[in-house]
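Worksheet for the structure shown next.
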Amino acid sequence: MNRYLCAAAVGAISFAFVTEAAATEWNVSVWGKRRAFTEHVEKLAELVSEKTGGEFTMNVSYGGLSKNRENLDGISIGAFEMAQFCAGYHRDKNRVITVLELPFLGVENLEQEVAVSKAVYAHPAATEEMAQWNAKLLMTSPMPQYNLVGTGEPRDELADFEGMRVRATGGLGEAFKAVGGVPTSVTATEAYQAMEGGVVDTVAFAQHAHLSFGTINQADWWTANLNPGTVNCPVVVNIDAYESLSDAHREALDSSVDEAIAHYLANYAELLERWDSVLEEKGVQKVEIDPAVIAEFRTIAAEPAKNAWIADMEAQGLPGQELYDLVVNALAEAKGGS
């Protein structure tokens, strides 16, 4: 009898160890607060937990694990398993995906932004570059074309951009610089203070960020149709953590990406639908830029930025022209299918 009891006890202990080994808990580093920009991360965590019966869980931390500019570094050393970052925060570390931040690419909606991001993320050059940081590109955080909020009189002519101090990162910053602006790359979480303190005159953000980081509360006006481009902010996972997942948990993660993105797009669409009422509520003037002014801006900024980016990448041994052509072709295909 004792032998059977001992065997049962050993079996119970073994089962407990197996159960414990099967449980997976990931820490996820994002910043700010929960908002449209992080809804796909939240949805991913929810879906993965559901599909694994709670065996694979994700703890989403808003600034508690790392600063936003240090999320890729944290991934590289395994400080956490998943993180979100923006290419403009450290362009030298993620050169390949900065092709998606070139001005005036012609992306018209979030679905197209997802399509071009997927194409670039799947390119071997992007995979190899991220692997240097022990990171795997999992999904994008698609954002609409950025637009400006500002104080004082609206800046609706190119001459008004001369000397304008603008919070704009990456390719957007270069675009404004091309027409006389003075870009600064303060982080999203610093933008409100920069605007409040007069460090910048204007801030370039997508709608959700103007709301989340309070810059809309400082604004007198908003450019509704300037649409010079956007930034690219991937969600990445630590390669070691990803490869150590069981087949079932890895499948739960991979199969949830498209569902999480779909949820993100639906949620963002609701925000865009109520944007005009937000402007009215906060007393922010909606400024429509003359198409001729936008065309002039595009002529001055787009082609030189593209050529400079390609030359810079090629000089560093990266396939700059191939990557740019990939974006153009992926965008054309996305537009043809929409």
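By order in the structure tokens, chains are A, B, ...; within a chain, residues start at 1; ligands start at 1, following the order shown.
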Within 12 Å of A:Asn217 using only C-alpha atoms, minus same-chain residues under 6 positions, as an NGL selection string: :A and (149-151 or 191-193 or 195-196 or 203 or 209-211 or 278-284)
Who sits within 7 Å of stretch 117-123 of chain A, only C-alpha atoms, same chain under 2 positions skipped, as a ChimeraX atom specification: /A:97,113-115,125-127,137,140,330
Neighbour list for A:Asp92 as a PyMOL selection string, cut-off 12 Å, only C-alpha atoms, skip fewer than 2 positions in-chain: chain A and resi 72+87-90+94-98+129-130+170+312-313+316
What would the file look like if the residues just selected were written as an mmCIF file, in the first residue's frame with N, CA and C atoms?
```cif
data_model
loop_
_atom_site.group_PDB
_atom_site.id
_atom_site.type_symbol
_atom_site.label_atom_id
_atom_site.label_comp_id
_atom_site.auth_asym_id
_atom_site.auth_seq_id
_atom_site.Cartn_x
_atom_site.Cartn_y
_atom_site.Cartn_z
ATOM 1 N N LEU A 72 14.599 48.436 -27.311
ATOM 2 C CA LEU A 72 15.335 47.498 -28.157
ATOM 3 C C LEU A 72 16.568 46.971 -27.428
ATOM 4 N N ALA A 87 11.155 53.459 -34.886
ATOM 5 C CA ALA A 87 12.420 53.471 -35.618
ATOM 6 C C ALA A 87 13.194 54.763 -35.421
ATOM 7 N N GLY A 88 12.478 55.878 -35.341
ATOM 8 C CA GLY A 88 13.141 57.171 -35.221
ATOM 9 C C GLY A 88 13.873 57.387 -33.911
ATOM 10 N N TYR A 89 13.630 56.530 -32.921
ATOM 11 C CA TYR A 89 14.298 56.690 -31.633
ATOM 12 C C TYR A 89 15.775 56.304 -31.699
ATOM 13 N N HIS A 90 16.122 55.416 -32.632
ATOM 14 C CA HIS A 90 17.521 54.988 -32.776
ATOM 15 C C HIS A 90 17.713 54.468 -34.204
ATOM 16 N N ASN A 94 18.183 50.377 -36.408
ATOM 17 C CA ASN A 94 17.143 49.738 -37.225
ATOM 18 C C ASN A 94 17.033 50.461 -38.572
ATOM 19 N N ARG A 95 18.139 50.485 -39.281
ATOM 20 C CA ARG A 95 18.223 51.264 -40.524
ATOM 21 C C ARG A 95 17.230 50.803 -41.578
ATOM 22 N N VAL A 96 17.047 49.503 -41.696
ATOM 23 C CA VAL A 96 16.223 48.959 -42.773
ATOM 24 C C VAL A 96 14.790 49.475 -42.721
ATOM 25 N N ILE A 97 14.164 49.432 -41.548
ATOM 26 C CA ILE A 97 12.750 49.802 -41.470
ATOM 27 C C ILE A 97 12.518 51.302 -41.596
ATOM 28 N N THR A 98 13.591 52.109 -41.582
ATOM 29 C CA THR A 98 13.395 53.550 -41.759
ATOM 30 C C THR A 98 12.938 53.896 -43.174
ATOM 31 N N GLU A 129 19.167 42.404 -39.595
ATOM 32 C CA GLU A 129 19.520 43.554 -38.769
ATOM 33 C C GLU A 129 18.920 43.435 -37.371
ATOM 34 N N MET A 130 17.679 43.016 -37.293
ATOM 35 C CA MET A 130 17.053 42.858 -35.986
ATOM 36 C C MET A 130 17.696 41.729 -35.185
ATOM 37 N N GLY A 170 12.760 61.040 -37.448
ATOM 38 C CA GLY A 170 13.016 60.271 -38.657
ATOM 39 C C GLY A 170 12.854 61.054 -39.936
ATOM 40 N N ASP A 312 22.593 56.460 -48.769
ATOM 41 C CA ASP A 312 23.131 56.197 -47.439
ATOM 42 C C ASP A 312 23.106 54.708 -47.133
ATOM 43 N N MET A 313 22.001 54.046 -47.436
ATOM 44 C CA MET A 313 21.886 52.613 -47.172
ATOM 45 C C MET A 313 22.861 51.810 -48.028
ATOM 46 N N GLN A 316 26.268 51.762 -46.809
ATOM 47 C CA GLN A 316 26.450 50.926 -45.620
ATOM 48 C C GLN A 316 26.292 49.431 -45.921
#
```
Atom pair atom CA of A:Arg91 / atom CA of A:Ala241: separation (Å): 24.6 Å
Alpha helix (DSSP H) positions in stretch 187-260 of chain A, given as a PyMOL selection string: chain A and resi 191-196+207-212+239-243+247-260
Counting only C-alpha atoms, the option among A:Val237, A:Ala194, A:Val116, A:Leu226 closest to A:Trp26: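 Among the listed residues, the smallest separation from A:Trp26 belongs to A:Val237.
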Selection near A:Ala260, 10 Å with only C-alpha atoms, sequence-local residues under 2 positions removed, as a list in words: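 The neighbour list is Glu39, His40, Val41, Glu42, Lys43, Leu44, Ala45, Glu46, Leu47, Met139, Ser255, Ser256, Val257, Asp258, Ala262, His263, Tyr264 and Leu265 of chain A.
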With C-alpha atoms retained, could you export that selection as a JSON list (two decimals), in the first residue's frame?
```json
[["chain", "number", "residue", "atom", "x", "y", "z"],
["A", 39, "GLU", "CA", -4.47, 48.00, -28.46],
["A", 40, "HIS", "CA", -2.97, 45.25, -30.62],
["A", 41, "VAL", "CA", -0.49, 44.41, -27.85],
["A", 42, "GLU", "CA", -3.31, 44.17, -25.33],
["A", 43, "LYS", "CA", -5.40, 42.08, -27.73],
["A", 44, "LEU", "CA", -2.45, 39.79, -28.46],
["A", 45, "ALA", "CA", -2.01, 39.12, -24.76],
["A", 46, "GLU", "CA", -5.73, 38.37, -24.42],
["A", 47, "LEU", "CA", -5.81, 36.01, -27.40],
["A", 139, "MET", "CA", 3.98, 43.05, -36.03],
["A", 255, "SER", "CA", -1.78, 32.82, -35.10],
["A", 256, "SER", "CA", -2.91, 35.76, -32.96],
["A", 257, "VAL", "CA", -0.97, 38.48, -34.79],
["A", 258, "ASP", "CA", -3.44, 39.05, -37.63],
["A", 262, "ALA", "CA", -7.60, 43.53, -37.09],
["A", 263, "HIS", "CA", -8.72, 44.60, -33.61],
["A", 264, "TYR", "CA", -6.28, 47.54, -33.72],
["A", 265, "LEU", "CA", -7.63, 48.72, -37.10]]
```
Straight-line distance linking atom CA of A:Leu331 with atom CA of A:Arg35, stated in Å to one decimal: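 One can read the atom CA of A:Leu331 to atom CA of A:Arg35 distance as 26.8 Å.
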Secondary structure check, strand (DSSP E or B) residues of stretch 47-255 of chain A, as a PyMOL selection string: chain A and resi 56-62+82-84+135-139+147-150+165-167+182-184+202-205+221-223+235-238
Computed interatomic separation between atom CA of A:Tyr62 and atom CA of A:Arg250 (Å): 24.1 Å
For A:Ser66: contacts at 10 Å, only C-alpha atoms, fewer than 2 positions along chain excluded, given as a list of chain:residue names: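 Answer for this query is A:Val28, A:Ser29, A:Val30, A:Trp31, A:Ser61, A:Tyr62, A:Gly63, A:Gly64, A:Asn68, A:Arg69, A:Glu70, A:Asn71, A:Leu72, A:Asp73, A:Gly74, A:Ala79, A:Phe80, A:Ala83.
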Residues within 10 Å of A:Leu105, only C-alpha atoms, excluding chain neighbours under 4 positions, as a VMD selection string: chain A and resid 99 to 101 227 to 230 298 302 306 324 327 to 328 331
Now that the selection is made, can you save its residues with all heavy atoms as a compact mmCIF listing (two decimals), in the first residue's frame?
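Final output, saved to part.txt:
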```
# COMPACT_ATOMS: atom_id res chain seq x y z
N VAL A 99 13.00 52.95 -44.10
CA VAL A 99 12.45 53.19 -45.43
C VAL A 99 10.95 53.50 -45.33
O VAL A 99 10.39 54.25 -46.15
CB VAL A 99 12.68 51.98 -46.37
CG1 VAL A 99 11.89 50.76 -45.90
CG2 VAL A 99 12.32 52.33 -47.81
N LEU A 100 10.31 52.95 -44.30
CA LEU A 100 8.87 53.16 -44.11
C LEU A 100 8.55 54.54 -43.55
O LEU A 100 7.38 54.92 -43.47
CB LEU A 100 8.32 52.08 -43.18
CG LEU A 100 8.40 50.65 -43.75
CD1 LEU A 100 8.29 49.62 -42.64
CD2 LEU A 100 7.30 50.44 -44.79
N GLU A 101 9.58 55.29 -43.17
CA GLU A 101 9.38 56.64 -42.63
C GLU A 101 9.73 57.72 -43.64
O GLU A 101 9.71 58.91 -43.30
CB GLU A 101 10.22 56.82 -41.37
CG GLU A 101 9.83 55.88 -40.25
CD GLU A 101 10.48 56.24 -38.92
OE1 GLU A 101 11.54 56.90 -38.90
OE2 GLU A 101 9.90 55.88 -37.88
N ASN A 227 -0.37 65.54 -44.24
CA ASN A 227 -0.05 64.14 -44.51
C ASN A 227 1.35 63.90 -45.10
O ASN A 227 1.49 63.27 -46.15
CB ASN A 227 -1.09 63.54 -45.47
CG ASN A 227 -2.49 63.56 -44.92
OD1 ASN A 227 -2.69 63.65 -43.71
ND2 ASN A 227 -3.48 63.49 -45.79
N PRO A 228 2.40 64.36 -44.43
CA PRO A 228 3.74 64.21 -45.00
C PRO A 228 4.34 62.81 -44.83
O PRO A 228 5.34 62.48 -45.47
CB PRO A 228 4.55 65.23 -44.20
CG PRO A 228 3.87 65.28 -42.87
CD PRO A 228 2.41 65.10 -43.16
N GLY A 229 3.76 62.00 -44.00
CA GLY A 229 4.31 60.67 -43.75
C GLY A 229 3.96 60.24 -42.35
O GLY A 229 3.15 60.87 -41.66
N THR A 230 4.55 59.15 -41.93
CA THR A 230 4.29 58.65 -40.58
C THR A 230 5.56 58.00 -40.04
O THR A 230 6.59 58.00 -40.71
CB THR A 230 3.11 57.65 -40.58
OG1 THR A 230 2.74 57.35 -39.24
CG2 THR A 230 3.45 56.37 -41.31
N ARG A 298 5.98 68.34 -51.27
CA ARG A 298 6.36 67.01 -51.74
C ARG A 298 7.54 67.10 -52.71
O ARG A 298 8.50 66.31 -52.62
CB ARG A 298 5.17 66.34 -52.43
CG ARG A 298 5.47 64.91 -52.87
CD ARG A 298 4.29 64.29 -53.63
NE ARG A 298 3.11 64.20 -52.80
CZ ARG A 298 2.00 64.91 -52.97
NH1 ARG A 298 1.93 65.82 -53.95
NH2 ARG A 298 0.96 64.75 -52.18
N ALA A 302 10.33 65.07 -50.88
CA ALA A 302 10.22 63.63 -51.10
C ALA A 302 11.38 63.05 -51.91
O ALA A 302 12.05 62.11 -51.47
CB ALA A 302 8.90 63.31 -51.78
N LYS A 306 14.31 60.54 -50.52
CA LYS A 306 14.40 59.17 -51.04
C LYS A 306 15.80 58.89 -51.56
O LYS A 306 16.41 57.86 -51.24
CB LYS A 306 13.37 58.97 -52.16
CG LYS A 306 13.42 57.59 -52.78
CD LYS A 306 12.74 57.55 -54.15
CE LYS A 306 13.67 58.13 -55.22
NZ LYS A 306 13.12 57.96 -56.57
N TYR A 324 13.39 50.23 -51.15
CA TYR A 324 12.46 51.27 -51.58
C TYR A 324 11.50 50.73 -52.64
O TYR A 324 10.28 50.97 -52.56
CB TYR A 324 13.22 52.48 -52.13
CG TYR A 324 12.29 53.58 -52.59
CD1 TYR A 324 11.68 54.44 -51.67
CD2 TYR A 324 11.98 53.73 -53.94
CE1 TYR A 324 10.80 55.42 -52.08
CE2 TYR A 324 11.10 54.71 -54.36
CZ TYR A 324 10.51 55.56 -53.43
OH TYR A 324 9.64 56.53 -53.85
N VAL A 327 8.75 48.67 -51.11
CA VAL A 327 7.66 49.46 -50.54
C VAL A 327 6.72 49.94 -51.64
O VAL A 327 5.49 49.85 -51.52
CB VAL A 327 8.23 50.66 -49.75
CG1 VAL A 327 7.09 51.61 -49.35
CG2 VAL A 327 8.96 50.18 -48.52
N VAL A 328 7.29 50.46 -52.72
CA VAL A 328 6.48 50.97 -53.83
C VAL A 328 5.59 49.86 -54.40
O VAL A 328 4.39 50.05 -54.64
CB VAL A 328 7.39 51.55 -54.94
CG1 VAL A 328 6.57 51.88 -56.19
CG2 VAL A 328 8.11 52.80 -54.44
N LEU A 331 2.89 48.71 -51.91
CA LEU A 331 1.84 49.72 -51.80
C LEU A 331 0.91 49.66 -53.02
O LEU A 331 -0.31 49.74 -52.90
CB LEU A 331 2.46 51.11 -51.67
CG LEU A 331 1.48 52.28 -51.52
CD1 LEU A 331 0.56 52.06 -50.34
CD2 LEU A 331 2.24 53.59 -51.37
```
Minimum-distance residue to A:Glu157, chosen among A:Thr223, A:Gln112, A:Gln218, A:Thr184 (using only C-alpha atoms): A:Thr223
Which residue of A:Ala175, A:Ala334, A:Leu110, A:Leu138 approaches A:Val236 most closely, using only C-alpha atoms: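 Checking each of A:Ala175, A:Ala334, A:Leu110, A:Leu138 against A:Val236, counting only C-alpha atoms, the winner is A:Leu138.
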